[in-house]
file model28.cif (mmCIF, C-alpha atoms and all ligand atoms)
data_upload
#
loop_
_atom_site.label_atom_id
_atom_site.label_comp_id
_atom_site.auth_asym_id
_atom_site.auth_seq_id
_atom_site.Cartn_x
_atom_site.Cartn_y
_atom_site.Cartn_z
CA MET C 924 30.31 38.84 4.58
CA LYS C 925 26.64 39.58 5.16
CA LEU C 926 24.06 37.95 2.94
CA ALA C 927 20.30 38.52 3.32
CA VAL C 928 18.40 35.38 2.35
CA ASP C 929 14.74 34.34 2.17
CA LEU C 930 14.78 30.63 1.38
CA HIS C 931 11.13 29.53 1.40
CA SER C 932 8.55 30.64 -1.14
CA HIS C 933 5.92 29.25 -3.49
CA SER C 934 5.12 29.74 -7.15
CA GLY C 935 1.75 29.90 -8.86
CA TYR C 936 1.83 26.09 -8.94
CA ALA C 937 1.28 25.87 -5.18
CA GLY C 938 -2.36 26.69 -5.70
CA GLY C 939 -4.76 29.55 -6.10
CA VAL C 940 -2.34 32.44 -6.57
CA GLY C 941 -1.81 32.71 -10.33
CA GLN C 942 1.49 33.11 -12.09
CA ILE C 943 4.24 34.94 -10.18
CA GLU C 944 6.85 36.36 -12.59
CA LEU C 945 10.49 36.07 -11.55
CA THR C 946 11.05 39.62 -12.85
CA ALA C 947 8.44 40.87 -10.33
CA VAL C 948 10.09 38.83 -7.58
CA SER C 949 13.49 40.30 -8.47
CA ARG C 950 12.11 43.87 -8.39
CA THR C 951 10.70 43.37 -4.87
CA MET C 952 13.90 41.62 -3.70
CA LYS C 953 15.90 44.75 -4.61
CA LEU C 954 13.52 47.08 -2.77
CA LYS C 955 13.57 44.83 0.29
CA GLY C 956 17.32 44.15 0.16
CA ILE C 957 17.02 40.37 -0.18
CA ASP C 958 20.18 39.04 -1.89
CA VAL C 959 19.19 35.39 -2.35
CA PHE C 960 15.65 34.05 -2.67
CA GLY C 961 14.36 30.45 -2.65
CA THR C 962 12.54 29.80 -5.94
CA GLY C 963 9.74 27.67 -4.48
CA ASP C 964 8.28 24.50 -6.00
CA CYS C 965 11.48 23.59 -7.89
CA ILE C 966 10.84 19.83 -8.17
CA PHE C 967 7.42 20.13 -9.86
CA PRO C 968 8.40 19.32 -13.49
CA PRO C 969 6.75 22.31 -15.26
CA ARG C 970 8.30 24.62 -12.68
CA THR C 971 11.71 22.95 -13.05
CA GLU C 972 11.60 23.60 -16.81
CA GLU C 973 10.42 27.17 -16.33
CA LEU C 974 13.30 27.88 -13.92
CA LYS C 975 15.78 26.15 -16.21
CA GLN C 976 14.66 28.29 -19.17
CA GLU C 977 14.57 31.63 -17.37
CA LEU C 978 17.58 31.42 -15.07
CA THR C 979 21.32 31.12 -15.66
CA GLU C 980 23.84 29.94 -13.11
CA VAL C 981 25.88 32.99 -12.08
CA ASN C 982 27.72 31.76 -8.99
CA GLU C 983 28.02 28.07 -8.22
CA GLY C 984 24.50 26.92 -7.25
CA LEU C 985 22.98 30.40 -7.50
CA PHE C 986 20.95 31.56 -10.48
CA ALA C 987 19.79 34.87 -11.98
CA LEU C 988 17.70 36.38 -14.75
CA PRO C 989 19.67 37.84 -17.69
CA LYS C 990 21.52 41.07 -16.74
CA ASP C 991 20.01 41.04 -13.25
CA LYS C 992 21.63 41.07 -9.84
CA SER C 993 18.99 39.22 -7.77
CA LYS C 994 20.03 35.65 -7.06
CA PHE C 995 17.84 32.60 -6.79
CA LEU C 996 18.46 29.31 -5.04
CA LEU C 997 16.62 26.12 -6.05
CA GLN C 998 14.12 25.35 -3.30
CA THR C 999 10.93 23.41 -2.69
CA GLU C 1000 8.65 22.49 0.17
CA VAL C 1001 7.64 18.84 0.63
CA ILE C 1002 5.03 17.48 3.02
CA PHE C 1003 6.20 14.27 4.68
CA SER C 1004 3.52 12.16 6.24
CA THR C 1005 3.82 8.85 8.00
CA LYS C 1006 2.11 6.60 10.52
CA LEU C 1007 4.13 6.44 13.72
CA ALA C 1008 3.51 3.22 15.65
CA HIS C 1009 2.69 5.02 18.92
CA LYS C 1010 0.38 7.66 17.45
CA ARG C 1011 -3.24 7.24 16.49
CA ASN C 1012 -3.26 9.84 13.71
CA LYS C 1013 -0.82 10.34 10.86
CA THR C 1014 2.13 12.57 11.64
CA ILE C 1015 2.49 15.32 9.03
CA ALA C 1016 5.37 17.75 8.78
CA HIS C 1017 6.33 20.33 6.14
CA HIS C 1018 10.00 20.55 5.11
CA ILE C 1019 12.06 22.92 2.98
CA ILE C 1020 14.54 21.21 0.67
CA LEU C 1021 17.42 23.16 -0.92
CA PHE C 1022 19.16 21.84 -4.06
CA PRO C 1023 22.64 22.74 -5.40
CA ASN C 1024 21.82 22.20 -9.11
CA PHE C 1025 19.23 21.01 -11.63
CA ASP C 1026 20.88 17.60 -11.88
CA SER C 1027 20.02 16.82 -8.25
CA ILE C 1028 16.42 17.97 -8.85
CA TYR C 1029 16.12 15.46 -11.72
CA LYS C 1030 17.42 12.74 -9.40
CA MET C 1031 14.82 13.77 -6.82
CA GLN C 1032 12.10 13.46 -9.48
CA ILE C 1033 13.34 9.94 -10.28
CA LEU C 1034 13.04 9.04 -6.59
CA MET C 1035 9.48 10.41 -6.49
CA ASN C 1036 8.64 8.18 -9.45
CA LYS C 1037 10.29 5.18 -7.84
CA TRP C 1038 8.25 5.72 -4.66
CA LYS C 1039 5.10 6.28 -6.80
CA MET C 1040 4.56 9.72 -5.24
CA LYS C 1041 2.41 12.12 -7.25
CA ASN C 1042 4.54 15.07 -8.30
CA THR C 1043 1.64 17.05 -9.74
CA ILE C 1044 1.51 20.15 -7.50
CA GLY C 1045 3.98 22.79 -6.40
CA ARG C 1046 4.20 21.40 -2.88
CA PRO C 1047 4.12 17.61 -3.19
CA PHE C 1048 3.53 14.91 -0.56
CA ILE C 1049 5.84 12.05 0.31
CA THR C 1050 3.89 9.50 2.31
CA SER C 1051 5.02 6.29 3.96
CA ASP C 1052 3.46 3.57 6.07
CA THR C 1053 6.12 3.44 8.76
CA GLN C 1054 8.70 5.67 10.40
CA LYS C 1055 11.52 3.46 9.11
CA GLU C 1056 10.34 3.80 5.51
CA MET C 1057 10.27 7.58 5.83
CA GLU C 1058 13.69 7.64 7.47
CA ASP C 1059 15.07 5.67 4.50
CA GLN C 1060 13.42 8.08 2.06
CA LEU C 1061 14.99 11.06 3.83
CA PHE C 1062 18.41 9.40 3.61
CA GLU C 1063 17.89 8.64 -0.08
CA ILE C 1064 17.12 12.30 -0.79
CA HIS C 1065 20.07 13.42 1.28
CA ASN C 1066 22.37 10.98 -0.52
CA ILE C 1067 21.62 12.52 -3.93
CA HIS C 1068 24.17 15.26 -3.19
CA PRO C 1069 26.17 16.15 -0.04
CA LEU C 1070 24.95 19.76 -0.23
CA ILE C 1071 21.22 19.04 -0.28
CA GLU C 1072 19.69 20.49 2.88
CA ILE C 1073 16.43 19.32 4.47
CA ILE C 1074 14.97 21.79 6.98
CA PRO C 1075 11.79 21.34 9.07
CA ALA C 1076 9.52 24.25 8.09
CA HIS C 1077 7.47 26.51 10.41
CA VAL C 1078 7.98 24.04 13.25
CA MET C 1079 5.23 25.23 15.62
CA THR C 1080 2.30 25.62 13.21
CA PRO C 1081 -0.36 22.89 12.99
CA ASP C 1082 1.53 21.54 9.91
CA GLY C 1083 4.96 21.81 11.50
CA ILE C 1084 6.89 19.00 13.16
CA PHE C 1085 6.28 20.30 16.71
CA GLY C 1086 2.73 21.52 16.03
CA SER C 1087 -0.04 20.64 18.46
CA LYS C 1088 -1.66 18.17 16.03
CA ASN C 1089 1.44 15.97 15.86
CA ASP C 1090 1.95 16.16 19.62
CA LEU C 1091 5.54 14.87 19.47
CA ASP C 1092 7.82 15.22 22.49
CA GLU C 1093 11.04 14.54 20.61
CA LEU C 1094 12.20 14.93 17.02
CA SER C 1095 13.72 11.43 17.02
CA GLU C 1096 10.20 9.93 17.17
CA PHE C 1097 9.82 11.19 13.61
CA TYR C 1098 13.35 11.24 12.15
CA GLY C 1099 15.05 8.28 13.82
CA LYS C 1100 18.70 8.19 12.72
CA PHE C 1101 18.10 10.94 10.18
CA LEU C 1102 17.99 13.41 13.07
CA SER C 1103 21.79 13.72 12.84
CA LYS C 1104 21.31 15.35 9.41
CA ILE C 1105 18.90 18.00 10.67
CA LYS C 1106 21.03 21.08 11.30
CA ALA C 1107 18.49 23.88 11.09
CA ILE C 1108 14.83 24.66 11.56
CA GLU C 1109 12.59 27.43 10.26
CA THR C 1110 10.92 29.38 13.09
CA GLY C 1111 7.91 30.28 10.93
CA LEU C 1112 5.65 33.30 11.28
CA SER C 1113 4.03 31.97 14.44
CA ALA C 1114 7.15 31.57 16.59
CA ASP C 1115 10.32 33.51 17.34
CA PRO C 1116 13.71 32.36 18.72
CA GLN C 1117 12.71 33.14 22.29
CA MET C 1118 9.82 30.66 22.12
CA LEU C 1119 12.02 27.90 20.69
CA GLU C 1120 15.45 28.35 22.27
CA LYS C 1121 14.65 26.34 25.42
CA ILE C 1122 13.09 23.39 23.62
CA PRO C 1123 15.66 20.61 24.20
CA ASP C 1124 15.66 19.20 20.64
CA LEU C 1125 15.95 22.65 19.05
CA ALA C 1126 18.31 24.46 21.44
CA GLU C 1127 21.49 23.52 19.53
CA LEU C 1128 20.14 23.92 15.99
CA THR C 1129 20.40 26.88 13.60
CA PHE C 1130 17.21 28.97 13.45
CA ILE C 1131 16.39 30.55 10.09
CA SER C 1132 13.47 32.75 9.09
CA ASN C 1133 11.82 32.92 5.69
CA SER C 1134 8.74 34.55 4.25
CA ASP C 1135 7.00 31.35 2.97
CA CYS C 1136 5.32 33.79 0.57
CA HIS C 1137 2.96 33.05 -2.31
CA SER C 1138 3.27 36.50 -3.89
CA ALA C 1139 5.79 39.07 -5.08
CA ALA C 1140 4.13 41.83 -3.03
CA LEU C 1141 6.13 44.23 -0.87
CA ASN C 1142 4.59 42.94 2.33
CA ARG C 1143 5.19 39.29 1.42
CA ILE C 1144 8.73 38.77 0.08
CA GLY C 1145 11.19 39.13 2.95
CA ARG C 1146 8.45 39.56 5.58
CA GLU C 1147 10.77 37.26 7.54
CA PHE C 1148 14.40 36.84 6.47
CA THR C 1149 17.82 35.72 7.67
CA ILE C 1150 21.19 37.47 7.49
CA LEU C 1151 23.95 34.90 7.14
CA ASP C 1152 27.68 35.37 7.48
CA VAL C 1153 29.15 33.69 4.38
CA ASP C 1154 32.68 33.29 2.99
CA GLN C 1155 31.52 33.72 -0.58
CA VAL C 1156 28.28 34.31 -2.43
CA ASP C 1157 27.58 30.80 -3.64
CA TYR C 1158 25.33 27.88 -2.72
CA LYS C 1159 27.97 25.95 -0.82
CA SER C 1160 28.84 28.90 1.42
CA ILE C 1161 25.15 29.43 2.22
CA ILE C 1162 24.72 25.77 3.22
CA ASN C 1163 27.93 25.80 5.28
CA SER C 1164 26.80 28.96 7.03
CA ILE C 1165 23.44 27.34 7.88
CA ARG C 1166 25.09 24.12 9.06
CA GLN C 1167 27.58 26.00 11.25
CA ASN C 1168 24.99 28.41 12.62
CA ASN C 1169 26.68 31.51 11.20
CA VAL C 1170 23.42 33.43 11.44
CA MET C 1171 24.02 37.13 12.11
CA MET C 1172 20.37 37.92 12.64
CA THR C 1173 16.82 36.98 11.75
CA ALA C 1174 13.85 39.26 11.20
CA GLU C 1175 10.69 37.80 12.67
CA PHE C 1176 7.00 38.44 12.81
CA ASN C 1177 5.86 39.26 16.29
CA PRO C 1178 4.36 35.83 17.14
CA ALA C 1179 1.31 37.50 18.72
CA GLU C 1180 0.30 38.53 15.17
CA GLY C 1181 -0.02 34.86 14.22
CA ARG C 1182 -3.50 33.37 13.85
CA TYR C 1183 -2.88 30.49 16.24
CA TYR C 1184 -0.88 32.25 18.94
CA LEU C 1185 -3.30 31.95 21.87
CA THR C 1186 -5.86 29.29 22.75
CA GLY C 1187 -9.48 30.32 22.34
CA HIS C 1188 -12.70 30.44 20.34
CA ARG C 1189 -13.70 33.38 18.17
CA ALA C 1190 -17.04 35.15 18.54
CA ASP C 1191 -18.62 33.96 15.27
CA ARG C 1192 -18.36 30.25 16.13
CA LYS C 1193 -21.54 28.24 16.57
CA GLY C 1194 -22.86 28.61 20.11
CA HIS C 1195 -20.88 31.80 20.73
CA SER C 1196 -22.11 35.33 21.29
CA HIS C 1197 -18.67 36.52 22.39
CA GLU C 1198 -15.05 35.41 22.04
CA MET C 1199 -13.09 33.40 24.59
CA ILE C 1200 -9.31 33.90 24.80
CA PHE C 1201 -7.11 32.10 27.29
CA ALA C 1202 -3.81 33.83 27.95
CA ASP C 1203 -2.77 32.08 31.14
CA GLU C 1204 -4.72 29.25 32.70
CA LEU C 1205 -6.35 26.86 30.28
CA PRO C 1206 -9.66 25.19 31.12
CA ALA C 1207 -9.70 21.49 32.05
CA ASN C 1208 -9.40 19.15 29.04
CA MET C 1209 -9.30 22.19 26.75
CA ILE C 1210 -13.10 22.35 26.72
CA CYS C 1211 -14.49 25.78 25.86
CA PRO C 1212 -16.78 26.97 28.70
CA VAL C 1213 -19.09 28.70 26.22
CA CYS C 1214 -19.78 26.05 23.55
CA ASN C 1215 -18.43 22.96 25.33
CA LYS C 1216 -16.34 22.01 22.29
CA LYS C 1217 -12.66 21.18 22.39
CA MET C 1218 -10.21 23.99 21.56
CA ASN C 1219 -6.88 23.70 19.73
CA LEU C 1220 -3.83 24.50 21.80
CA GLY C 1221 -2.31 27.88 20.88
CA VAL C 1222 1.28 28.04 19.63
CA ARG C 1223 2.41 29.97 22.70
CA GLU C 1224 1.10 27.32 25.09
CA ARG C 1225 2.48 24.50 22.92
CA SER C 1226 5.98 25.99 23.01
CA ILE C 1227 5.80 26.43 26.80
CA GLN C 1228 4.85 22.74 27.14
CA LEU C 1229 8.00 21.73 25.26
CA GLN C 1230 10.42 24.09 27.03
CA ASP C 1231 12.99 23.00 29.59
CA ASP C 1232 13.83 25.94 31.85
CA SER C 1233 17.20 24.52 32.86
CA ILE C 1234 18.53 25.11 29.31
CA ILE C 1235 20.80 28.14 28.94
CA PRO C 1236 20.00 29.32 25.42
CA ILE C 1237 22.48 30.24 22.70
CA THR C 1238 22.52 34.00 22.03
CA ARG C 1239 20.53 34.68 18.87
CA ASN C 1240 20.13 38.12 17.32
CA TYR C 1241 16.66 38.86 16.06
CA LEU C 1242 14.28 41.72 15.44
CA HIS C 1243 10.51 41.76 15.42
CA LEU C 1244 9.53 43.59 12.25
CA ILE C 1245 6.52 44.68 10.25
CA PRO C 1246 6.96 45.18 6.48
CA LEU C 1247 7.71 48.89 5.85
CA ILE C 1248 4.82 49.28 3.41
CA GLU C 1249 2.44 48.16 6.19
CA VAL C 1250 4.00 50.59 8.66
CA VAL C 1251 3.49 53.40 6.15
CA ALA C 1252 -0.14 52.34 5.56
CA ALA C 1253 -0.80 52.21 9.33
CA SER C 1254 0.74 55.67 9.78
CA GLN C 1255 -1.71 57.05 7.20
CA ASN C 1256 -4.62 55.20 8.83
CA LEU C 1257 -5.05 53.30 5.59
CA LYS C 1258 -5.70 49.58 5.36
CA SER C 1259 -4.55 49.07 1.77
CA ILE C 1260 -0.86 48.90 0.99
CA THR C 1261 -1.68 49.58 -2.67
CA SER C 1262 -3.14 53.03 -1.98
CA LYS C 1263 -1.45 55.75 -4.05
CA ARG C 1264 -0.43 57.83 -1.02
CA VAL C 1265 1.14 54.84 0.73
CA ARG C 1266 3.13 53.95 -2.37
CA GLU C 1267 4.29 57.56 -2.84
CA ILE C 1268 5.69 57.73 0.71
CA PHE C 1269 7.28 54.29 0.31
CA ASP C 1270 8.95 55.41 -2.94
CA ILE C 1271 10.37 58.54 -1.29
CA ILE C 1272 11.89 56.37 1.47
CA MET C 1273 13.33 54.01 -1.15
CA SER C 1274 14.91 56.96 -2.97
CA ILE C 1275 16.79 57.76 0.25
CA PHE C 1276 17.72 54.28 1.47
CA PRO C 1277 19.13 51.61 -0.87
CA SER C 1278 16.69 49.02 0.52
CA GLU C 1279 14.23 48.33 3.32
CA ILE C 1280 16.75 46.16 5.18
CA SER C 1281 19.29 48.99 5.10
CA LEU C 1282 16.64 51.31 6.55
CA TRP C 1283 15.97 48.93 9.46
CA GLN C 1284 19.71 48.66 10.09
CA SER C 1285 20.32 52.42 9.93
CA ASP C 1286 20.93 54.53 13.03
CA SER C 1287 20.08 57.78 11.28
CA ILE C 1288 16.48 57.23 10.14
CA GLN C 1289 15.28 60.55 11.65
CA VAL C 1290 18.06 62.59 10.00
CA MET C 1291 17.71 60.89 6.62
CA LEU C 1292 13.91 61.10 6.43
CA ASP C 1293 13.48 64.47 8.20
CA LYS C 1294 11.11 66.76 6.24
CA ARG C 1295 11.13 64.35 3.30
CA ILE C 1296 8.10 62.51 4.68
CA ASP C 1297 5.66 63.40 7.48
CA GLN C 1298 6.87 63.14 11.08
CA LYS C 1299 4.12 60.74 12.12
CA THR C 1300 5.35 58.16 9.63
CA ILE C 1301 8.95 58.67 10.80
CA ASN C 1302 7.82 58.18 14.41
CA GLN C 1303 6.04 54.96 13.57
CA ILE C 1304 9.06 53.61 11.67
CA LEU C 1305 11.26 54.44 14.68
CA ALA C 1306 8.76 52.79 17.04
CA VAL C 1307 8.74 49.58 14.98
CA LYS C 1308 12.55 49.55 14.82
CA LYS C 1309 12.62 49.77 18.64
CA GLY C 1310 10.11 46.92 18.88
CA ASP C 1311 7.57 49.34 20.30
CA PHE C 1312 4.44 47.69 18.90
CA ILE C 1313 2.00 45.07 20.08
CA PHE C 1314 -0.82 42.96 18.78
CA GLN C 1315 -3.85 43.50 20.98
CA PRO C 1316 -5.79 41.31 21.11
CA PRO C 1317 -3.18 38.74 19.97
CA GLY C 1318 -4.01 36.20 17.27
CA PHE C 1319 -6.19 33.21 18.24
CA ASP C 1320 -8.47 30.62 16.62
CA GLY C 1321 -7.67 31.70 13.04
CA VAL C 1322 -7.91 35.46 13.71
CA TYR C 1323 -4.81 37.65 13.19
CA GLY C 1324 -3.65 39.88 16.06
CA LYS C 1325 -4.55 43.56 15.80
CA LEU C 1326 -1.54 45.86 15.31
CA ILE C 1327 -0.99 48.83 17.62
CA ILE C 1328 2.22 50.82 17.00
CA GLY C 1329 3.90 52.83 19.73
CA ASP C 1330 1.82 51.82 22.73
CA LYS C 1331 3.80 49.18 24.55
ZN ZN C 1401 4.43 24.72 4.79
ZN ZN C 1402 -16.28 27.69 22.21
#
call {"tool": "encode", "arguments": {"input": "model28.cif", "output": "structure tokens", "more": "lines below"}}
Ligand SMILES: [Zn+2]
Ligand SMILES: [Zn+2]
result
Amino acid sequence: MKLAVDLHSHSGYAGGVGQIELTAVSRTMKLKGIDVFGTGDCIFPPRTEELKQELTEVNEGLFALPKDKSKFLLQTEVIFSTKLAHKRNKTIAHHIILFPNFDSIYKMQILMNKWKMKNTIGRPFITSDTQKEMEDQLFEIHNIHPLIEIIPAHVMTPDGIFGSKNDLDELSEFYGKFLSKIKAIETGLSADPQMLEKIPDLAELTFISNSDCHSAALNRIGREFTILDVDQVDYKSIINSIRQNNVMMTAEFNPAEGRYYLTGHRADRKGHSHEMIFADELPANMICPVCNKKMNLGVRERSIQLQDDSIIPITRNYLHLIPLIEVVAASQNLKSITSKRVREIFDIIMSIFPSEISLWQSDSIQVMLDKRIDQKTINQILAVKKGDFIFQPPGFDGVYGKLIIGDK
């Protein structure tokens, strides 16, 4: 059976966002059609207690608020950092960790204490001096419970395992023997399956997509998500589905929207009167011809470097999507998704479709929405569903790509 999951988020404890109520998260999950949501920050002790108080286990390993259908799965993000012998700088990589129960979270907290790691923020660090030490730590976490899953997060971003800062050629440089336990990766907002499917170390793994959101807003929760084929709605079935690559589809950002997609320098940098974007040929030694400073390699170029064209990729179903509320705002030429008119149109659509995901999967959008909302908005929704939108110029050097719908 189909299950829509979004398994990477953060709470107010991950910094600077204020308290995010689980009731607000649940409300947005229903509108979006997300069945199971990763709690975020579940090993930070105050968060653990908060989750324990508010949630009740409803299916094995899945939790819910009282009299509420939305299901939560215990999830955190941890930043592993270590000094690899052959690299000058520290190697840093974000990971999602999924837990089957509170008991295994308490055991994780005991390990953090044993290793003298500060567990004082929503997204903690685990640091080690050598690769071997980190490999042992990963095994120790994994050995807490056979259903704990450790997943490299947003693999191509600067903080991801394959990001340009780490400059790794192979995952084994980082994981050693633990590599056999890595069954899935998160594509992240800056990459899609097509960019990753020919990278030798990733080609056989499960690709999942999550929002990595720090908010309960309608354009944050489920902005990327995964539809799994599961036997039952419980934690074990979700983990088995991930391990066996029973992914039915993922919804992805268009990578060109991402802030680090292309290599370049933006116009407001020191020594610049105009921007420089490199789509094809990169300058020698990555030196910017305008300011003579070194540029960071864009995610697109980085993925091309890692690809092996002889690989025949696994078929993966995915859609490039934009959150519906943003499509509605764009159709009204409004920037703010909180504008009253935008919300009114969104609410009409939600009175017709049971959720946003069911809208994107429907073949009768025109018929269902005809004369209920304006035709321009319907056209833009249909264009997004067909993938008929671009980001021009694409994202680069910390600047998001600029959305143009229906002009491919
Ligand atoms: Zn992260
Ligand atoms: Zn420059």
call {"tool": "closest_residue", "arguments": {"input": "model28.cif", "among": "C:Gln1228, C:Thr1186, C:Ser1051, C:Ser1274", "to": "ligand ZN 1402 (chain C)", "atoms": "all atoms listed in the file"}}
result
C:Thr1186
call {"tool": "closest_atom_pairs", "arguments": {"input": "model28.cif", "of": "chain C", "to": "ligand ZN 1402 (chain C)", "cutoff": "6 Å", "atoms": "all atoms listed in the file", "output": "Markdown table"}}
result
| residue | atom | partner | partner_atom | distance |
| --- | --- | --- | --- | --- |
| C:His1188 | CA | C:ZN1402 | ZN | 4.9 |
| C:Cys1211 | CA | C:ZN1402 | ZN | 4.5 |
| C:Val1213 | CA | C:ZN1402 | ZN | 5.0 |
| C:Cys1214 | CA | C:ZN1402 | ZN | 4.1 |
| C:Lys1216 | CA | C:ZN1402 | ZN | 5.7 |
call {"tool": "write_last_selection", "arguments": {"input": "model28.cif", "atoms": "C-alpha atoms", "output": "CSV table (one decimal), in the coordinates of the input"}}
result
chain,number,residue,atom,x,y,z
C,1188,HIS,CA,-12.7,30.4,20.3
C,1211,CYS,CA,-14.5,25.8,25.9
C,1213,VAL,CA,-19.1,28.7,26.2
C,1214,CYS,CA,-19.8,26.0,23.6
C,1216,LYS,CA,-16.3,22.0,22.3
call {"tool": "closest_residue", "arguments": {"input": "model28.cif", "among": "C:Ile1280, C:Leu1141, C:Ala987, C:Cys1136", "to": "ligand ZN 1401 (chain C)", "atoms": "only C-alpha atoms and all ligand atoms"}}
result
C:Cys1136
call {"tool": "closest_atom_pairs", "arguments": {"input": "model28.cif", "of": "chain C", "to": "ligand ZN 1401 (chain C)", "cutoff": "12 Å", "atoms": "all atoms listed in the file", "output": "tab-separated table"}}
result
residue	atom	partner	partner_atom	distance
C:His931	CA	C:ZN1401	ZN	8.9
C:Ser932	CA	C:ZN1401	ZN	9.3
C:His933	CA	C:ZN1401	ZN	9.6
C:Ala937	CA	C:ZN1401	ZN	10.5
C:Gly963	CA	C:ZN1401	ZN	11.1
C:Asp964	CA	C:ZN1401	ZN	11.5
C:Thr999	CA	C:ZN1401	ZN	10.0
C:Glu1000	CA	C:ZN1401	ZN	6.6
C:Val1001	CA	C:ZN1401	ZN	7.9
C:Ile1002	CA	C:ZN1401	ZN	7.5
C:Phe1003	CA	C:ZN1401	ZN	10.6
C:Ile1015	CA	C:ZN1401	ZN	10.5
C:Ala1016	CA	C:ZN1401	ZN	8.1
C:His1017	CA	C:ZN1401	ZN	5.0
C:His1018	CA	C:ZN1401	ZN	7.0
C:Ile1019	CA	C:ZN1401	ZN	8.0
C:Ile1020	CA	C:ZN1401	ZN	11.5
C:Gly1045	CA	C:ZN1401	ZN	11.4
C:Arg1046	CA	C:ZN1401	ZN	8.4
C:Pro1047	CA	C:ZN1401	ZN	10.7
C:Phe1048	CA	C:ZN1401	ZN	11.2
C:Ile1074	CA	C:ZN1401	ZN	11.2
C:Pro1075	CA	C:ZN1401	ZN	9.2
C:Ala1076	CA	C:ZN1401	ZN	6.1
C:His1077	CA	C:ZN1401	ZN	6.6
C:Val1078	CA	C:ZN1401	ZN	9.2
C:Met1079	CA	C:ZN1401	ZN	10.9
C:Thr1080	CA	C:ZN1401	ZN	8.7
C:Pro1081	CA	C:ZN1401	ZN	9.7
C:Asp1082	CA	C:ZN1401	ZN	6.7
C:Gly1083	CA	C:ZN1401	ZN	7.3
C:Ile1084	CA	C:ZN1401	ZN	10.4
C:Gly1086	CA	C:ZN1401	ZN	11.8
C:Glu1109	CA	C:ZN1401	ZN	10.2
C:Thr1110	CA	C:ZN1401	ZN	11.5
C:Gly1111	CA	C:ZN1401	ZN	9.0
C:Leu1112	CA	C:ZN1401	ZN	10.8
C:Asn1133	CA	C:ZN1401	ZN	11.1
C:Ser1134	CA	C:ZN1401	ZN	10.7
C:Asp1135	CA	C:ZN1401	ZN	7.3
C:Cys1136	CA	C:ZN1401	ZN	10.0
C:His1137	CA	C:ZN1401	ZN	11.0
call {"tool": "residues_near_point", "arguments": {"input": "model28.cif", "point": "(0.6, 45.0, 14.7)", "cutoff": "8 Å", "atoms": "all atoms listed in the file", "output": "list in words"}}
result
Asn1177, Glu1180, Ile1245, Phe1312, Ile1313, Phe1314, Gln1315, Gly1324, Lys1325, Leu1326, Ile1327 and Ile1328 of chain C
call {"tool": "atom_distance", "arguments": {"input": "model28.cif", "atom1": "CA of Val1156 (chain C)", "atom2": "CA of Lys975 (chain C)"}}
result
20.3 Å
call {"tool": "residues_around", "arguments": {"input": "model28.cif", "residues": "Gln1298 (chain C)", "least_positions_apart": "6", "cutoff": "12 Å", "atoms": "all atoms listed in the file", "output": "NGL selection string"}}
result
:C and (1251 or 1254-1255 or 1268 or 1288-1292 or 1304-1305)
call {"tool": "closest_residue", "arguments": {"input": "model28.cif", "among": "C:Asp991, C:Glu1279, C:Asp1231, C:Glu1267", "to": "Arg1146 (chain C)", "atoms": "only C-alpha atoms"}}
result
C:Glu1279
call {"tool": "residues_around", "arguments": {"input": "model28.cif", "residues": "Lys1030 (chain C)", "least_positions_apart": "2", "cutoff": "12 Å", "atoms": "all atoms listed in the file", "output": "list in words"}}
result
Ile966, Pro968, Phe1022, Pro1023, Asn1024, Phe1025, Asp1026, Ser1027, Ile1028, Gln1032, Ile1033, Leu1034, Met1035, Asn1036, Lys1037, Glu1063, Ile1064, His1065, Asn1066, Ile1067, His1068 and Ile1071 of chain C
call {"tool": "closest_residue", "arguments": {"input": "model28.cif", "among": "C:Ile1105, C:Leu1282, C:Ile1248, C:Ile1234", "to": "Thr1261 (chain C)", "atoms": "all atoms listed in the file"}}
result
C:Ile1248
call {"tool": "closest_residue", "arguments": {"input": "model28.cif", "among": "C:Ser1113, C:Ser1164, C:Thr1053, C:Asn1142", "to": "Pro1178 (chain C)", "atoms": "all atoms listed in the file"}}
result
C:Ser1113
call {"tool": "residues_around", "arguments": {"input": "model28.cif", "residues": "Asp929 (chain C)", "least_positions_apart": "4", "cutoff": "8 Å", "atoms": "all atoms listed in the file", "output": "list in words"}}
result
Ile957, Val959, Phe960, Gly961, Ser1132, Asn1133, Ser1134, Ile1144, Gly1145, Glu1147, Phe1148 and Thr1149 of chain C
call {"tool": "residues_around", "arguments": {"input": "model28.cif", "residues": "Glu1127 (chain C)", "least_positions_apart": "6", "cutoff": "10 Å", "atoms": "only C-alpha atoms", "output": "list in words"}}
result
Lys1106, Ala1107, Glu1120, Lys1121, Asn1168, Pro1236 and Ile1237 of chain C
